[in-house]
Structure formats: C-alpha cells, structure tokens
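See below for structure-v2.cif, which holds mmCIF, C-alpha atoms.
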```cif
data_data
#
loop_
_atom_site.label_atom_id
_atom_site.label_comp_id
_atom_site.auth_asym_id
_atom_site.auth_seq_id
_atom_site.Cartn_x
_atom_site.Cartn_y
_atom_site.Cartn_z
CA MET A 231 0.11 20.68 -14.16
CA SER A 232 0.87 18.37 -11.25
CA PRO A 233 -0.73 19.21 -7.88
CA PRO A 234 1.49 21.11 -5.43
CA THR A 235 3.13 19.23 -2.60
CA LEU A 236 3.10 20.28 1.01
CA GLN A 237 6.59 21.71 0.55
CA ASP A 238 5.43 23.70 -2.49
CA ILE A 239 2.58 25.30 -0.62
CA MET A 240 4.49 26.16 2.53
CA THR A 241 7.82 27.32 1.09
CA GLY A 242 8.40 30.93 2.12
CA CYS A 243 5.11 30.96 3.96
CA TYR A 244 6.28 33.14 6.81
CA ASP A 245 9.13 35.61 6.48
CA PRO A 246 10.45 37.00 9.79
CA SER A 247 11.84 40.06 8.00
CA ASN A 248 8.29 41.22 7.32
CA ARG A 249 7.39 41.14 11.02
CA LYS A 250 9.23 43.93 12.78
CA PHE A 251 9.24 44.37 16.55
CA GLU A 252 7.31 47.60 17.15
CA TYR A 253 6.89 47.69 20.94
CA THR A 254 10.25 49.19 21.88
CA ASP A 255 9.99 52.01 24.49
CA LEU A 256 6.18 51.94 24.48
CA GLU A 257 4.04 52.28 27.57
CA LEU A 258 1.54 49.56 28.40
CA SER A 259 -1.33 51.80 27.30
CA GLN A 260 0.36 52.31 23.93
CA LEU A 261 0.47 48.61 23.09
CA PRO A 262 -2.20 47.12 20.82
CA LEU A 263 -5.31 46.20 22.76
CA ALA A 264 -4.78 42.51 21.99
CA ALA A 265 -1.30 42.68 23.55
CA GLN A 266 -2.64 44.49 26.62
CA ASP A 267 -5.39 41.91 27.07
CA PHE A 268 -2.86 39.11 26.72
CA LEU A 269 -0.60 40.52 29.45
CA ARG A 270 -3.57 40.99 31.77
CA LEU A 271 -4.67 37.42 31.05
CA TYR A 272 -1.45 36.15 32.63
CA GLY A 273 -1.35 38.86 35.28
CA LEU A 274 1.87 40.33 33.90
CA GLU A 275 2.39 43.76 35.41
CA VAL A 276 5.59 45.73 35.45
CA THR A 277 6.08 45.85 39.21
CA ARG A 278 9.77 46.79 39.13
CA LYS A 279 10.71 50.47 39.10
CA PRO A 280 13.54 51.61 36.81
CA HIS A 281 15.70 52.63 39.77
CA GLU A 282 15.27 49.28 41.50
CA GLU A 283 17.97 46.74 40.95
CA LEU A 284 16.99 43.36 39.50
CA THR A 285 18.54 40.57 41.53
CA GLU A 286 19.65 37.21 40.16
CA GLU A 287 16.78 35.58 42.02
CA GLY A 288 14.38 38.02 40.41
CA ARG A 289 15.86 37.38 36.97
CA ASP A 290 15.60 33.61 37.42
CA ALA A 291 11.99 33.90 38.59
CA LEU A 292 11.21 36.08 35.58
CA PHE A 293 12.81 33.55 33.24
CA SER A 294 10.82 30.65 34.74
CA GLN A 295 7.59 32.62 34.57
CA LEU A 296 8.04 33.54 30.92
CA LEU A 297 9.20 30.05 29.97
CA LYS A 298 6.01 28.50 31.35
CA ILE A 299 3.85 31.02 29.50
CA ARG A 300 5.71 30.35 26.25
CA LYS A 301 5.10 26.61 26.62
CA ASP A 302 1.41 27.19 27.32
CA GLU A 303 1.12 29.45 24.28
CA ARG A 304 2.86 26.91 22.06
CA ALA A 305 0.34 24.28 23.13
CA ARG A 306 -2.49 26.75 22.47
CA LEU A 307 -1.16 27.43 18.96
CA HIS A 308 -0.97 23.70 18.25
CA GLU A 309 -4.57 23.20 19.31
CA THR A 310 -5.72 26.21 17.29
CA LEU A 311 -4.03 25.00 14.11
CA CYS A 312 -5.42 21.45 14.25
CA ALA A 313 -8.65 22.28 12.39
CA VAL A 314 -6.79 24.42 9.82
CA HIS A 315 -4.24 21.67 9.18
CA LEU A 316 -7.00 19.11 8.66
CA ALA A 317 -8.66 21.42 6.13
CA ILE A 318 -5.36 22.06 4.31
CA VAL A 319 -4.55 18.36 4.00
CA THR A 320 -8.11 17.60 2.84
CA GLN A 321 -7.95 20.25 0.13
CA MET A 322 -4.54 19.00 -0.99
CA ARG A 323 -6.09 15.57 -1.46
CA ASN A 324 -8.96 17.08 -3.40
CA LEU A 325 -6.47 18.88 -5.60
CA ALA A 326 -4.53 15.66 -6.20
CA SER A 327 -7.83 14.03 -7.22
CA GLY A 328 -8.42 16.64 -9.92
CA ASP A 329 -10.49 19.22 -8.04
CA THR A 330 -9.04 22.44 -9.48
CA ALA A 331 -11.14 24.60 -7.13
CA ALA A 332 -9.13 23.25 -4.21
CA ARG A 333 -6.12 25.31 -5.32
CA ALA A 334 -8.03 28.55 -4.85
CA THR A 335 -9.36 27.38 -1.51
CA LEU A 336 -5.83 26.69 -0.34
CA ARG A 337 -4.32 29.94 -1.59
CA GLU A 338 -7.16 32.35 -0.90
CA THR A 339 -8.75 30.96 2.25
CA LEU A 340 -6.86 28.37 4.23
CA PHE A 341 -3.36 29.71 3.82
CA PRO A 342 -4.29 33.25 4.96
CA VAL A 343 -6.12 31.77 7.96
CA TRP A 344 -3.02 29.73 8.80
CA GLN A 345 -0.87 32.88 8.61
CA SER A 346 -3.30 34.84 10.77
CA HIS A 347 -2.96 32.31 13.59
CA LEU A 348 0.81 32.63 13.41
CA ASP A 349 0.52 36.43 13.42
CA ASP A 350 -1.61 36.25 16.54
CA HIS A 351 0.95 33.99 18.20
CA LEU A 352 3.75 36.36 17.20
CA SER A 353 1.91 39.29 18.76
CA ARG A 354 1.88 37.38 22.03
CA ILE A 355 5.58 36.62 21.72
CA ASP A 356 6.19 40.34 21.22
CA ALA A 357 4.04 41.20 24.25
CA LEU A 358 6.15 38.82 26.37
CA LEU A 359 9.33 40.36 24.97
CA TRP A 360 8.08 43.88 25.82
CA PHE A 361 7.32 42.76 29.37
CA GLU A 362 10.76 41.19 29.76
CA LEU A 363 12.49 44.32 28.45
CA GLU A 364 10.55 46.46 30.92
CA MET A 365 11.42 44.18 33.83
CA ARG A 366 15.12 44.16 32.89
CA LYS A 367 15.38 47.86 32.03
CA CYS A 368 18.21 49.80 33.64
CA SER A 369 19.58 46.72 35.37
CA GLN A 370 22.71 44.66 35.00
CA PHE A 371 20.54 42.13 33.14
CA ARG A 372 19.16 44.54 30.56
CA LEU A 373 18.89 43.19 27.02
CA LEU A 374 20.52 44.88 24.04
CA PRO A 375 18.63 45.17 20.73
CA GLN A 376 21.02 42.92 18.81
CA HIS A 377 20.45 40.21 21.39
CA TYR A 378 16.71 40.28 21.86
CA LEU A 379 15.96 40.88 18.18
CA SER A 380 18.10 37.91 17.23
CA SER A 381 16.33 35.79 19.83
CA ARG A 382 12.98 36.99 18.49
CA THR A 383 13.91 35.87 14.97
CA GLU A 384 14.80 32.46 16.36
CA ASP A 385 11.44 32.33 18.14
CA ILE A 386 9.65 33.05 14.86
CA ASN A 387 11.62 30.38 13.03
CA ARG A 388 10.80 27.85 15.75
CA MET A 389 7.13 28.84 15.56
CA VAL A 390 7.01 28.30 11.80
CA SER A 391 9.00 25.07 12.01
CA SER A 392 6.65 23.69 14.66
CA ALA A 393 3.57 24.64 12.64
CA LEU A 394 4.92 22.94 9.52
CA GLN A 395 5.84 19.87 11.54
CA TRP A 396 2.31 19.69 12.97
CA LEU A 397 0.89 20.01 9.45
CA GLN A 398 3.09 17.17 8.24
CA GLN A 399 2.01 15.05 11.20
CA GLU A 400 -1.65 15.67 10.34
CA LYS A 401 -0.99 14.56 6.77
CA GLU A 402 0.72 11.38 7.99
CA ARG A 403 -2.09 10.72 10.49
CA LEU A 404 -4.71 10.78 7.75
CA GLU A 405 -2.56 8.53 5.57
CA ARG A 406 -2.32 6.02 8.42
CA GLU A 407 -6.10 6.15 8.86
CA ASP A 408 -6.59 5.52 5.15
CA GLU A 409 -4.20 2.59 5.24
CA ALA A 410 -5.95 1.15 8.28
CA GLU A 411 -9.34 1.54 6.59
CA ARG A 412 -8.10 -0.22 3.46
CA ALA A 413 -6.78 -3.03 5.65
CA ARG A 414 -10.15 -3.33 7.40
CA GLN A 415 -11.98 -3.45 4.08
CA LEU A 416 -9.61 -6.09 2.73
CA LEU A 417 -10.04 -8.15 5.90
CA ALA A 418 -13.82 -7.85 5.65
CA LEU A 419 -13.70 -8.93 2.01
CA GLU A 420 -11.55 -11.94 2.82
CA SER A 421 -13.86 -12.82 5.70
CA ASN A 422 -16.91 -12.65 3.42
CA ASN A 423 -15.20 -14.84 0.82
CA SER A 424 -14.26 -17.31 3.55
CA ASP A 425 -17.84 -17.39 4.84
CA GLU A 426 -19.18 -18.03 1.34
CA GLY A 427 -16.68 -20.84 0.85
CA SER A 428 -17.68 -22.38 4.16
CA THR A 429 -21.36 -22.20 3.21
CA GLU A 430 -20.72 -23.94 -0.11
CA GLU A 431 -18.63 -26.62 1.59
CA SER A 432 -21.32 -27.13 4.22
CA SER A 433 -23.97 -27.52 1.52
CA ALA A 434 -21.83 -30.11 -0.23
CA LEU A 435 -21.39 -32.05 3.01
CA ASP A 436 -25.11 -31.91 3.70
CA SER A 437 -25.87 -33.32 0.26
CA ARG A 438 -23.41 -36.17 0.84
CA SER A 439 -24.89 -36.97 4.25
CA GLU A 440 -28.41 -37.51 2.88
CA PRO A 441 -29.48 -41.23 3.07
CA GLU A 442 -28.76 -43.13 -0.10
CA GLU A 443 -31.67 -44.31 -2.17
CA ASN A 444 -32.73 -47.94 -1.35
CA LEU A 445 -31.73 -50.08 -4.30
CA PHE A 446 -34.20 -52.81 -3.33
CA SER A 447 -37.97 -52.76 -3.51
CA ASP A 448 -39.92 -53.59 -0.36
CA SER A 449 -40.66 -57.05 -1.63
CA ASP A 450 -37.09 -57.81 -2.73
CA ALA A 451 -35.17 -56.36 0.23
CA PRO A 452 -33.14 -59.13 1.87
CA LEU A 453 -33.98 -60.31 5.36
CA PHE A 454 -31.29 -61.19 7.89
CA SER A 455 -31.65 -64.04 10.34
CA SER A 456 -31.01 -63.44 13.99
CA ILE A 457 -28.36 -66.14 14.05
CA GLU A 458 -26.35 -65.56 10.91
CA SER A 459 -26.81 -61.90 10.40
CA ASP A 460 -24.29 -61.84 7.64
CA LYS A 461 -26.25 -64.26 5.46
CA PRO A 462 -29.24 -62.68 3.82
CA ILE A 463 -32.41 -64.72 3.58
CA PRO A 464 -34.33 -63.98 0.37
CA ARG A 465 -37.83 -62.65 1.00
CA ARG A 466 -40.53 -64.74 -0.63
CA ASN A 467 -43.12 -62.85 -2.43
CA ALA A 468 -46.82 -62.97 -1.52
CA GLY A 469 -47.71 -65.33 -4.38
CA ASN A 470 -45.30 -68.00 -3.14
CA ARG A 471 -46.66 -67.73 0.40
CA ARG A 472 -50.24 -68.31 -0.82
CA ARG A 473 -49.27 -71.38 -2.84
CA LEU A 474 -47.43 -72.91 0.12
CA TYR A 475 -50.42 -72.34 2.38
CA ALA A 476 -52.75 -74.07 -0.08
CA TYR A 477 -50.33 -76.98 -0.37
CA TYR A 478 -50.22 -77.59 3.40
CA ARG A 479 -54.01 -77.55 3.59
CA ILE A 480 -54.20 -80.32 1.01
CA ILE A 481 -51.68 -82.42 2.92
#
```
Let's see the structure in the file written out as structure tokens.
Amino acid sequence: MSPPTLQDIMTGCYDPSNRKFEYTDLELSQLPLAAQDFLRLYGLEVTRKPHEELTEEGRDALFSQLLKIRKDERARLHETLCAVHLAIVTQMRNLASGDTAARATLRETLFPVWQSHLDDHLSRIDALLWFELEMRKCSQFRLLPQHYLSSRTEDINRMVSSALQWLQQEKERLEREDEAERARQLLALESNNSDEGSTEESSALDSRSEPEENLFSDSDAPLFSSIESDKPIPRRNAGNRRRLYAYYRII
C-alpha cells in the first residue's frame, strides 16, 4: 500500500456540521470556563444594557475591536500549530520511507492533537460571537441566527483552510531545506575533488621542477672561458696535468 499523501490525511479532517453553536441566550456565568477566561483575557464585558440603543459609532467600534482580536487569535493558532505541523510532516516522511508505525502515530496521536487545537480556537470564535450577540441584542444592529450561523460556518472553513495551508507550507519548507542541504553536500564534494586534483597537479609540477641529473662527471664537465662563453673548453684530467708538469721541469 502506498503511503498517504497530505491530501489523503487531511480530507474531511474538520466538519463544521459537527460543531454546533451552543452559547445562544446563555449568561456569562453559564459559558464554559475556558470561554469565560478568554473573554476576561481581552477585557470583554457586556457593558451595554438591553434597553440602551447601539449607535453606529458603537457598532463600528465593536467591529474594529473584534476584528483585531480575531487577527491576534489567528496568529496565535498559527504559532501553536507550528510544532504539530513539523511532527506531522516528519511522520509522513517516515511513512514514505517504510516506517509503518508512523501511520498509527499520525492517526492516533498527531491528528487528534491537531484537531484539539482547532477546537480550542473554535471555542474562542464562539466566545467572541456570544459577546457580539450580547452587545447587539435588542438593537437595530441585532444579528439573526441565519446570518451569524452562516458567518460562523465561514469562519470555521477559513480556520481549517488556513491550518491546511500552514501545514503545506511547512512541508514545502522542509523540502527546500533538504534541497539546499543536498546542494551544499554536492558543492562540498566538488570542492574536495577539486582540491585533490590541485594537489596532484602541484605534486606533478614539483617533480618537474626538481634539478635534472648532471649528465657529466666532475672530471668531464666542460669548462667555459670568460671570453667565449659559448665555446666549452674540455677539462683535462689529473693524469694529463701531472705529465705536463714533469715535461716542463725537464725543459
């Protein structure tokens, strides 16, 4: 069986229909503790009373406030998923290399962890939606269920799409690192081969630069006169010199 691809593993990974919005008409104290803590973290308190009218300026300020929080939470989710995505891509590589245990690690450990981070992010999205509904309640800007539930589904789809995109980017990042490492190793190998070739060439040059062996013996090496340096004068051997000396003595 061929190893699963990224698309195989992540297809149908997060179904919005299985995540219902359950905070409608709840009081703050009735929300899950995690949702309450999240709202307090950002200082989100329902300061508007139901009988108070929500002005356009108030609505715009609310929109800007929630938009900034959503952006911050998206960045937080990205950072949180980085380690999980690295582990998923690593196990996928192990699986492609024949490690059959990697399949169980992906399905039973890493994938549930990945889902749990998305669930946590969704609970924060729902807490923000609850706060917005409370702030808009009984005003001309109140939200109807068909509107905010549809927007919530779109938020979930964007969340999943972003997470999958980040996972794909992590996979491509590791592939680029592998390619760069292979290029470095190839360059190092070529450099080593070049150095070895240079050493051999240098040794050959050194051997050629050694002084050539003298083809003449000391006694037979030609002498050169100071006047006609291009005409060698044969060196007389010692025996000839002795005979000449004896001859001049007789004369």
Since I can't run it myself right now, could you work out what the PyMOL selection byres ((chain A and resi 323) around 12) selects here and report it as a PyMOL selection string?
chain A and resi 233-236+316-322+324-333+336+401+404-405
Item to check | Between CA of Leu271 in chain A and CA of Ser294 in chain A, distance in Å (one decimal) | outcome: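 These two atoms are separated by 17.3 Å.
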Handout entry: Counting all atoms listed in the file, the residue of A:Trp360, A:Tyr378, A:Trp344, A:Phe293 that sits nearest Leu394 in chain A
Key =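 Going through A:Trp360, A:Tyr378, A:Trp344, A:Phe293 one by one, the smallest distance to Leu394 in chain A is for A:Trp344.
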Just the number, please: distance in Å from CA of Leu274 in chain A to CA of Phe361 in chain A, one decimal.
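About the pair CA of Leu274 in chain A and CA of Phe361 in chain A: they are 7.5 Å apart.
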